[in-house]
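Chemist: Coordinates in protein.cif, mmCIF, C-alpha atoms, are listed below.
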data_upload
#
loop_
_atom_site.group_PDB
_atom_site.id
_atom_site.type_symbol
_atom_site.label_atom_id
_atom_site.label_comp_id
_atom_site.auth_asym_id
_atom_site.auth_seq_id
_atom_site.Cartn_x
_atom_site.Cartn_y
_atom_site.Cartn_z
ATOM 1 C CA MET B 217 25.305 -22.778 -11.734
ATOM 2 C CA THR B 218 27.939 -20.281 -12.757
ATOM 3 C CA ASN B 219 27.915 -16.639 -11.743
ATOM 4 C CA ASP B 220 27.039 -15.701 -15.319
ATOM 5 C CA ASN B 221 23.932 -17.909 -15.185
ATOM 6 C CA TRP B 222 22.833 -16.372 -11.893
ATOM 7 C CA THR B 223 23.391 -12.901 -13.329
ATOM 8 C CA LYS B 224 21.282 -13.740 -16.385
ATOM 9 C CA LEU B 225 18.445 -15.086 -14.244
ATOM 10 C CA PHE B 226 18.615 -11.978 -12.062
ATOM 11 C CA LEU B 227 18.490 -9.650 -15.071
ATOM 12 C CA ASP B 228 15.570 -11.617 -16.503
ATOM 13 C CA LEU B 229 13.576 -10.904 -13.331
ATOM 14 C CA LEU B 230 14.240 -7.156 -13.187
ATOM 15 C CA PRO B 231 11.364 -6.223 -15.558
ATOM 16 C CA GLY B 232 9.013 -8.047 -13.192
ATOM 17 C CA LEU B 233 10.380 -6.068 -10.258
ATOM 18 C CA GLY B 234 9.780 -2.892 -12.243
ATOM 19 C CA VAL B 235 6.123 -3.843 -12.728
ATOM 20 C CA SER B 236 5.773 -4.618 -9.006
ATOM 21 C CA LEU B 237 7.158 -1.181 -8.157
ATOM 22 C CA GLN B 238 4.760 0.442 -10.649
ATOM 23 C CA LEU B 239 1.890 -1.431 -9.023
ATOM 24 C CA THR B 240 3.019 -0.229 -5.622
ATOM 25 C CA ALA B 241 3.226 3.376 -6.808
ATOM 26 C CA GLY B 242 -0.236 3.100 -8.348
ATOM 27 C CA LEU B 243 -1.907 1.572 -5.306
ATOM 28 C CA LEU B 244 -0.285 4.200 -3.067
ATOM 29 C CA ALA B 245 -1.496 6.989 -5.361
ATOM 30 C CA ILE B 246 -5.022 5.618 -4.909
ATOM 31 C CA GLY B 247 -4.823 4.340 -1.342
ATOM 32 C CA LEU B 248 -3.156 7.268 0.439
ATOM 33 C CA PRO B 249 -5.664 9.996 -0.478
ATOM 34 C CA LEU B 250 -8.557 7.540 -0.119
ATOM 35 C CA GLY B 251 -7.305 6.444 3.301
ATOM 36 C CA LEU B 252 -7.098 10.071 4.426
ATOM 37 C CA LEU B 253 -10.573 10.761 3.052
ATOM 38 C CA LEU B 254 -11.969 7.740 4.885
ATOM 39 C CA ALA B 255 -10.268 8.816 8.107
ATOM 40 C CA VAL B 256 -11.889 12.248 7.850
ATOM 41 C CA GLY B 257 -15.232 10.616 7.049
ATOM 42 C CA ILE B 258 -15.066 8.254 10.019
ATOM 43 C CA SER B 259 -14.236 11.174 12.306
ATOM 44 C CA SER B 260 -17.150 13.239 11.010
ATOM 45 C CA LYS B 261 -20.102 13.927 13.299
ATOM 46 C CA ASP B 262 -22.423 13.821 10.289
ATOM 47 C CA LYS B 263 -23.951 10.321 10.052
ATOM 48 C CA ILE B 264 -24.479 10.715 6.304
ATOM 49 C CA VAL B 265 -20.713 11.047 5.911
ATOM 50 C CA ARG B 266 -19.566 8.723 8.701
ATOM 51 C CA TYR B 267 -21.670 5.638 7.955
ATOM 52 C CA PRO B 268 -20.606 5.224 4.280
ATOM 53 C CA ALA B 269 -16.949 5.736 5.296
ATOM 54 C CA VAL B 270 -17.254 3.093 8.028
ATOM 55 C CA ALA B 271 -18.911 0.726 5.545
ATOM 56 C CA VAL B 272 -16.075 1.119 3.017
ATOM 57 C CA VAL B 273 -13.454 0.538 5.712
ATOM 58 C CA GLU B 274 -15.172 -2.553 7.102
ATOM 59 C CA VAL B 275 -15.626 -4.072 3.650
ATOM 60 C CA GLY B 276 -12.039 -3.242 2.705
ATOM 61 C CA ARG B 277 -10.744 -4.924 5.844
ATOM 62 C CA GLY B 278 -13.158 -7.816 5.864
ATOM 63 C CA VAL B 279 -12.757 -8.895 2.237
ATOM 64 C CA PRO B 280 -9.423 -10.483 1.238
ATOM 65 C CA ALA B 281 -7.364 -8.357 -1.132
ATOM 66 C CA LEU B 282 -7.406 -11.121 -3.750
ATOM 67 C CA VAL B 283 -11.215 -11.115 -3.741
ATOM 68 C CA LEU B 284 -11.182 -7.336 -4.239
ATOM 69 C CA LEU B 285 -8.912 -7.819 -7.243
ATOM 70 C CA TYR B 286 -11.336 -10.340 -8.719
ATOM 71 C CA LEU B 287 -14.316 -8.071 -8.026
ATOM 72 C CA VAL B 288 -12.676 -5.158 -9.837
ATOM 73 C CA TYR B 289 -11.299 -7.165 -12.765
ATOM 74 C CA PHE B 290 -14.009 -9.762 -13.325
ATOM 75 C CA GLY B 291 -17.002 -8.204 -11.565
ATOM 76 C CA LEU B 292 -17.035 -4.637 -12.859
ATOM 77 C CA PRO B 293 -17.370 -5.679 -16.549
ATOM 78 C CA GLN B 294 -20.874 -6.917 -15.690
ATOM 79 C CA THR B 295 -21.744 -3.324 -14.772
ATOM 80 C CA GLY B 296 -20.309 -2.012 -18.015
ATOM 81 C CA ILE B 297 -16.922 -0.996 -16.594
ATOM 82 C CA THR B 298 -13.989 -2.890 -18.060
ATOM 83 C CA LEU B 299 -10.429 -2.338 -16.853
ATOM 84 C CA ASP B 300 -7.107 -3.769 -17.933
ATOM 85 C CA ALA B 301 -5.363 -6.032 -15.442
ATOM 86 C CA MET B 302 -2.822 -3.428 -14.286
ATOM 87 C CA PRO B 303 -5.243 -0.637 -13.305
ATOM 88 C CA ALA B 304 -7.654 -3.218 -11.874
ATOM 89 C CA ALA B 305 -4.895 -4.511 -9.606
ATOM 90 C CA MET B 306 -3.975 -0.959 -8.575
ATOM 91 C CA ILE B 307 -7.585 -0.136 -7.681
ATOM 92 C CA GLY B 308 -8.247 -3.382 -5.814
ATOM 93 C CA LEU B 309 -5.054 -3.167 -3.774
ATOM 94 C CA GLY B 310 -5.475 0.596 -3.349
ATOM 95 C CA VAL B 311 -8.916 0.187 -1.776
ATOM 96 C CA SER B 312 -7.598 -2.526 0.544
ATOM 97 C CA PHE B 313 -4.619 -0.334 1.485
ATOM 98 C CA ALA B 314 -6.900 2.638 2.168
ATOM 99 C CA ALA B 315 -9.162 0.593 4.434
ATOM 100 C CA TYR B 316 -6.273 -0.423 6.676
ATOM 101 C CA THR B 317 -4.403 2.871 6.666
ATOM 102 C CA SER B 318 -7.504 4.951 7.389
ATOM 103 C CA GLU B 319 -7.041 4.072 11.065
ATOM 104 C CA VAL B 320 -3.436 5.268 10.890
ATOM 105 C CA PHE B 321 -4.557 8.612 9.496
ATOM 106 C CA ARG B 322 -7.386 8.883 12.023
ATOM 107 C CA ALA B 323 -5.048 8.220 14.938
ATOM 108 C CA GLY B 324 -2.569 10.772 13.628
ATOM 109 C CA ILE B 325 -5.241 13.441 13.215
ATOM 110 C CA GLN B 326 -6.689 12.812 16.671
ATOM 111 C CA SER B 327 -3.230 13.010 18.251
ATOM 112 C CA VAL B 328 -3.063 16.729 17.462
ATOM 113 C CA PRO B 329 -4.260 18.633 20.552
ATOM 114 C CA GLN B 330 -7.815 19.917 20.167
ATOM 115 C CA GLY B 331 -6.693 23.250 21.609
ATOM 116 C CA GLN B 332 -4.796 24.023 18.421
ATOM 117 C CA THR B 333 -7.947 23.624 16.355
ATOM 118 C CA GLU B 334 -9.843 25.849 18.738
ATOM 119 C CA ALA B 335 -7.061 28.456 18.604
ATOM 120 C CA GLY B 336 -7.279 28.456 14.812
ATOM 121 C CA LYS B 337 -11.023 29.043 14.963
ATOM 122 C CA ALA B 338 -10.470 31.864 17.425
ATOM 123 C CA LEU B 339 -8.147 33.487 14.889
ATOM 124 C CA GLY B 340 -10.844 33.286 12.249
ATOM 125 C CA MET B 341 -9.280 30.465 10.230
ATOM 126 C CA SER B 342 -11.606 28.238 8.213
ATOM 127 C CA GLY B 343 -11.892 24.527 8.916
ATOM 128 C CA GLY B 344 -10.046 23.669 5.699
ATOM 129 C CA VAL B 345 -7.155 25.999 6.498
ATOM 130 C CA ILE B 346 -6.899 24.651 10.045
ATOM 131 C CA PHE B 347 -6.857 21.077 8.778
ATOM 132 C CA GLY B 348 -4.339 21.734 6.007
ATOM 133 C CA LYS B 349 -1.935 24.070 7.787
ATOM 134 C CA VAL B 350 -2.275 23.162 11.457
ATOM 135 C CA VAL B 351 -3.494 19.583 11.862
ATOM 136 C CA MET B 352 -2.017 17.679 8.905
ATOM 137 C CA PRO B 353 1.613 18.899 9.170
ATOM 138 C CA GLN B 354 1.720 17.609 12.749
ATOM 139 C CA ALA B 355 -0.228 14.450 11.967
ATOM 140 C CA LEU B 356 2.116 13.541 9.102
ATOM 141 C CA LYS B 357 5.063 13.278 11.475
ATOM 142 C CA ILE B 358 3.156 10.568 13.321
ATOM 143 C CA VAL B 359 1.624 8.676 10.395
ATOM 144 C CA VAL B 360 4.642 8.431 8.079
ATOM 145 C CA PRO B 361 6.433 5.554 9.913
ATOM 146 C CA PRO B 362 3.384 3.241 10.074
ATOM 147 C CA LEU B 363 2.447 4.164 6.515
ATOM 148 C CA LEU B 364 5.909 3.068 5.398
ATOM 149 C CA GLY B 365 5.271 -0.250 7.125
ATOM 150 C CA TRP B 366 1.965 -0.684 5.294
ATOM 151 C CA ALA B 367 3.624 0.290 2.012
ATOM 152 C CA VAL B 368 6.108 -2.557 2.490
ATOM 153 C CA ILE B 369 3.285 -5.013 3.175
ATOM 154 C CA TYR B 370 1.424 -3.952 0.055
ATOM 155 C CA PHE B 371 4.564 -4.010 -2.071
ATOM 156 C CA GLN B 372 4.728 -7.677 -1.144
ATOM 157 C CA ALA B 373 0.978 -7.992 -1.788
ATOM 158 C CA THR B 374 1.500 -6.976 -5.415
ATOM 159 C CA SER B 375 2.325 -10.650 -5.923
ATOM 160 C CA LEU B 376 -1.461 -11.202 -5.777
ATOM 161 C CA ALA B 377 -1.683 -9.519 -9.184
ATOM 162 C CA PHE B 378 -0.245 -12.797 -10.504
ATOM 163 C CA ALA B 379 -3.867 -14.005 -10.408
ATOM 164 C CA LEU B 380 -4.808 -11.364 -13.005
ATOM 165 C CA ALA B 381 -1.857 -12.255 -15.257
ATOM 166 C CA VAL B 382 -0.087 -8.962 -14.497
ATOM 167 C CA PRO B 383 3.594 -9.580 -15.358
ATOM 168 C CA GLU B 384 4.868 -8.576 -11.914
ATOM 169 C CA LEU B 385 7.824 -10.163 -10.154
ATOM 170 C CA LEU B 386 6.218 -13.430 -9.026
ATOM 171 C CA SER B 387 4.427 -13.880 -12.336
ATOM 172 C CA ARG B 388 7.628 -13.336 -14.319
ATOM 173 C CA ALA B 389 9.564 -15.724 -12.081
ATOM 174 C CA TYR B 390 6.934 -18.416 -12.572
ATOM 175 C CA VAL B 391 6.713 -17.933 -16.351
ATOM 176 C CA LEU B 392 10.498 -18.073 -16.707
ATOM 177 C CA ALA B 393 10.611 -21.163 -14.512
ATOM 178 C CA THR B 394 8.145 -22.938 -16.802
ATOM 179 C CA THR B 395 10.577 -22.448 -19.678
ATOM 180 C CA ASN B 396 13.887 -23.242 -17.967
ATOM 181 C CA PHE B 397 12.494 -25.600 -15.278
ATOM 182 C CA GLN B 398 14.584 -23.880 -12.591
ATOM 183 C CA TYR B 399 11.691 -23.284 -10.210
ATOM 184 C CA LEU B 400 13.819 -23.240 -7.064
ATOM 185 C CA ASN B 401 16.339 -20.791 -8.496
ATOM 186 C CA MET B 402 13.775 -18.453 -10.052
ATOM 187 C CA LEU B 403 11.490 -18.309 -7.017
ATOM 188 C CA SER B 404 14.467 -17.920 -4.676
ATOM 189 C CA LEU B 405 15.740 -14.992 -6.713
ATOM 190 C CA ALA B 406 12.263 -13.455 -6.717
ATOM 191 C CA ALA B 407 12.146 -13.810 -2.933
ATOM 192 C CA MET B 408 15.540 -12.106 -2.671
ATOM 193 C CA LEU B 409 14.345 -9.204 -4.807
ATOM 194 C CA TYR B 410 11.211 -8.781 -2.676
ATOM 195 C CA ALA B 411 13.388 -8.817 0.436
ATOM 196 C CA GLY B 412 15.918 -6.446 -1.136
ATOM 197 C CA VAL B 413 13.220 -3.791 -1.425
ATOM 198 C CA ALA B 414 11.203 -4.611 1.708
ATOM 199 C CA ILE B 415 13.977 -4.909 4.307
ATOM 200 C CA PRO B 416 15.556 -1.446 3.804
ATOM 201 C CA LEU B 417 12.109 0.178 3.855
ATOM 202 C CA THR B 418 11.207 -1.720 7.032
ATOM 203 C CA VAL B 419 14.416 -0.550 8.690
ATOM 204 C CA LEU B 420 13.659 3.015 7.568
ATOM 205 C CA ALA B 421 10.129 2.794 9.008
ATOM 206 C CA GLU B 422 11.448 1.516 12.349
ATOM 207 C CA HIS B 423 14.106 4.229 12.468
ATOM 208 C CA SER B 424 11.524 6.916 11.699
ATOM 209 C CA SER B 425 9.202 5.540 14.375
ATOM 210 C CA ARG B 426 11.935 5.577 17.025
ATOM 211 C CA ARG B 427 12.997 9.101 16.049
ATOM 212 C CA ASP B 428 9.410 10.327 16.227
ATOM 213 C CA ALA B 429 8.939 8.701 19.641
ATOM 214 C CA LYS B 430 12.110 10.405 20.943
ATOM 215 C CA SER B 431 11.040 13.792 19.605
ATOM 216 C CA ARG B 432 7.669 13.552 21.340
ATOM 217 C CA THR B 433 9.168 12.538 24.679
ATOM 218 C CA ALA B 434 11.979 15.118 24.557
#
Take the structure I supplied and represent it as structure tokens, if you would.
Modeler:
Amino acid sequence: MTNDNWTKLFLDLLPGLGVSLQLTAGLLAIGLPLGLLLAVGISSKDKIVRYPAVAVVEVGRGVPALVLLYLVYFGLPQTGITLDAMPAAMIGLGVSFAAYTSEVFRAGIQSVPQGQTEAGKALGMSGGVIFGKVVMPQALKIVVPPLLGWAVIYFQATSLAFALAVPELLSRAYVLATTNFQYLNMLSLAAMLYAGVAIPLTVLAEHSSRRDAKSRTA
């Protein structure tokens, strides 16, 4: 193949990459706050709060992400809730992401010395203010590197949305390959695009993790 042909194939795949990035942004918008909420719920001493949070986390971890996608897209219509493929994929992957990252948030929150919380209470600060202005700023420094790692994993997991006919990167590569019969070339290019996004983010996550480790041991 000539360079022009490779360039054309590459440009043909870019819209699919754009959809994959939109999916990633959507699942993060759902999964990050939900993961934090679950982490707070699991850490709660109130059984009414803790048990439902634990149940959501265990289901989210125990059920494959693809099954969650099917449950949201094909299962919810039987309850009267019908979603398009794109938001269904965002919700399914977002719940799965939240289940796994809840432990990251919980570990980050628990890493903040308890004495700081007690000092805040002694100063008359409310629990919400202590959590938002004392605990979370310190916890974020710890959770950001592993969260970046999970974001990379779930960017790659957006390929599962192929099963719902979402025109993401893998889906577009496959559809184009069925028309030009260049399966090897199209799927190889798709793999390169996945890697082109994932590898720099992985390097960034590792760099952030090492920098955080050095700052805590300094």
Chemist: Kindly indicate which residue among B:Ala323, B:Trp366, B:Leu299, B:Leu405 lies nearest to Ala393 in chain B, using all atoms listed in the file for the distances.
Modeler: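 Answer, going by the shortest atom-to-atom distance: B:Leu405.
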Chemist: From the list B:Ser260, B:Thr317, B:Ser424, B:Thr223, which residue is nearest Ile246 in chain B when using all atoms listed in the file?
Modeler: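 Under the stated criterion, the closest residue is B:Thr317.
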Chemist: One number please: CA of Thr298 in chain B to CA of Leu229 in chain B, in Å, one decimal.
Modeler: 29.1 Å
Chemist: What does the distance from CA of Pro329 in chain B to CA of Val350 in chain B come to in Å, to one decimal?
Modeler: 10.4 Å
Chemist: For CA of Ala377 in chain B and CA of Ala305 in chain B, quote the distance in Å rounded to one decimal.
Modeler: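 Answer for the CA of Ala377 in chain B to CA of Ala305 in chain B separation: 6.0 Å.
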Chemist: If we count all atoms listed in the file, what is near Met402 in chain B at a cut-off of 9 Å, once residues fewer than 3 positions away on the same chain are taken out, given as a PyMOL selection string?
Modeler: chain B and resi 225-226+229+389-390+392-393+397-399+405-407
Chemist: Find the residues near Leu285 in chain B: any atom within 10 Å, counting all atoms listed in the file, skip ones fewer than 2 places away on the same chain, and give them as a list in words.
Modeler: Pro280, Ala281, Leu282, Val283, Leu287, Val288, Tyr289, Phe290, Gly291, Ala301, Ala304, Ala305, Met306, Ile307, Gly308, Leu309, Gly310, Val311, Ser312, Leu376, Ala377, Ala379 and Leu380 of chain B
Chemist: For those residues, write C-alpha atoms to a file as a compact mmCIF listing (two decimals), in the frame of the given file.
Modeler:
# COMPACT_ATOMS: atom_id res chain seq x y z
CA PRO B 280 -9.42 -10.48 1.24
CA ALA B 281 -7.36 -8.36 -1.13
CA LEU B 282 -7.41 -11.12 -3.75
CA VAL B 283 -11.22 -11.12 -3.74
CA LEU B 287 -14.32 -8.07 -8.03
CA VAL B 288 -12.68 -5.16 -9.84
CA TYR B 289 -11.30 -7.16 -12.76
CA PHE B 290 -14.01 -9.76 -13.32
CA GLY B 291 -17.00 -8.20 -11.56
CA ALA B 301 -5.36 -6.03 -15.44
CA ALA B 304 -7.65 -3.22 -11.87
CA ALA B 305 -4.89 -4.51 -9.61
CA MET B 306 -3.98 -0.96 -8.57
CA ILE B 307 -7.58 -0.14 -7.68
CA GLY B 308 -8.25 -3.38 -5.81
CA LEU B 309 -5.05 -3.17 -3.77
CA GLY B 310 -5.48 0.60 -3.35
CA VAL B 311 -8.92 0.19 -1.78
CA SER B 312 -7.60 -2.53 0.54
CA LEU B 376 -1.46 -11.20 -5.78
CA ALA B 377 -1.68 -9.52 -9.18
CA ALA B 379 -3.87 -14.00 -10.41
CA LEU B 380 -4.81 -11.36 -13.00
Chemist: Taking all atoms listed in the file into account, name the residue in B:Lys261, B:Thr395, B:Ser425, B:Met302 that is nearest to Thr374 in chain B.
Modeler: B:Met302
Chemist: To verify the selection step, state as number ranges by chain which residues the PyMOL selection byres ((chain B and resi 268) around 12) yields on this input.
Modeler: B: 253-260, 262-267, 269-275
Chemist: For Leu385 in chain B, which of B:Thr333, B:Ser342, B:Pro361, B:Ser404 is the closest residue, counting all atoms listed in the file?
Modeler: B:Ser404
Chemist: Given the choices B:Pro383, B:Gly242, B:Gly365, B:Pro353, which gets closest to Ala421 in chain B if the distance is worked out from only C-alpha atoms?
Modeler: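 Ranking B:Pro383, B:Gly242, B:Gly365, B:Pro353 by distance to Ala421 in chain B, first place goes to B:Gly365.
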Chemist: With only C-alpha atoms as the atoms that count, which of B:Val360, B:Val235, B:Val328, B:Ala355 lies nearest to Glu384 in chain B?
Modeler: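 Using only C-alpha atoms, the shortest distance to Glu384 in chain B belongs to B:Val235.
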Chemist: Which protein, DNA or RNA residues are at most 9 Å from (1.2, -4.8, -1.3) in the file's coordinates when you count all atoms listed in the file, listed as an MDAnalysis selection string?
Modeler: chainID B and resid 236 239:240 243 309:310 313 366:376
Chemist: Using C-alpha atoms, can you write the selected residues to a file as a PDB file, keeping the file's coordinate frame?
Modeler:
ATOM      1  CA  SER B 236       5.773  -4.618  -9.006  1.00  0.00           C
ATOM      2  CA  LEU B 239       1.890  -1.431  -9.023  1.00  0.00           C
ATOM      3  CA  THR B 240       3.019  -0.229  -5.622  1.00  0.00           C
ATOM      4  CA  LEU B 243      -1.907   1.572  -5.306  1.00  0.00           C
ATOM      5  CA  LEU B 309      -5.054  -3.167  -3.774  1.00  0.00           C
ATOM      6  CA  GLY B 310      -5.475   0.596  -3.349  1.00  0.00           C
ATOM      7  CA  PHE B 313      -4.619  -0.334   1.485  1.00  0.00           C
ATOM      8  CA  TRP B 366       1.965  -0.684   5.294  1.00  0.00           C
ATOM      9  CA  ALA B 367       3.624   0.290   2.012  1.00  0.00           C
ATOM     10  CA  VAL B 368       6.108  -2.557   2.490  1.00  0.00           C
ATOM     11  CA  ILE B 369       3.285  -5.013   3.175  1.00  0.00           C
ATOM     12  CA  TYR B 370       1.424  -3.952   0.055  1.00  0.00           C
ATOM     13  CA  PHE B 371       4.564  -4.010  -2.071  1.00  0.00           C
ATOM     14  CA  GLN B 372       4.728  -7.677  -1.144  1.00  0.00           C
ATOM     15  CA  ALA B 373       0.978  -7.992  -1.788  1.00  0.00           C
ATOM     16  CA  THR B 374       1.500  -6.976  -5.415  1.00  0.00           C
ATOM     17  CA  SER B 375       2.325 -10.650  -5.923  1.00  0.00           C
ATOM     18  CA  LEU B 376      -1.461 -11.202  -5.777  1.00  0.00           C
TER      19      LEU B 376
END
Chemist: Contacts of Gly331 in chain B at 12 Å or less, counting all atoms listed in the file, minus same-chain residues fewer than 5 places along, as an mmCIF file with C-alpha atoms, in the frame of the given file?
Modeler:
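Resulting contents of out-v3.cif:
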data_model
loop_
_atom_site.group_PDB
_atom_site.id
_atom_site.type_symbol
_atom_site.label_atom_id
_atom_site.label_comp_id
_atom_site.auth_asym_id
_atom_site.auth_seq_id
_atom_site.Cartn_x
_atom_site.Cartn_y
_atom_site.Cartn_z
ATOM 1 C CA GLN B 326 -6.689 12.812 16.671
ATOM 2 C CA GLY B 336 -7.279 28.456 14.812
ATOM 3 C CA LYS B 337 -11.023 29.043 14.963
ATOM 4 C CA ALA B 338 -10.470 31.864 17.425
ATOM 5 C CA ILE B 346 -6.899 24.651 10.045
ATOM 6 C CA VAL B 350 -2.275 23.162 11.457
ATOM 7 C CA VAL B 351 -3.494 19.583 11.862
#
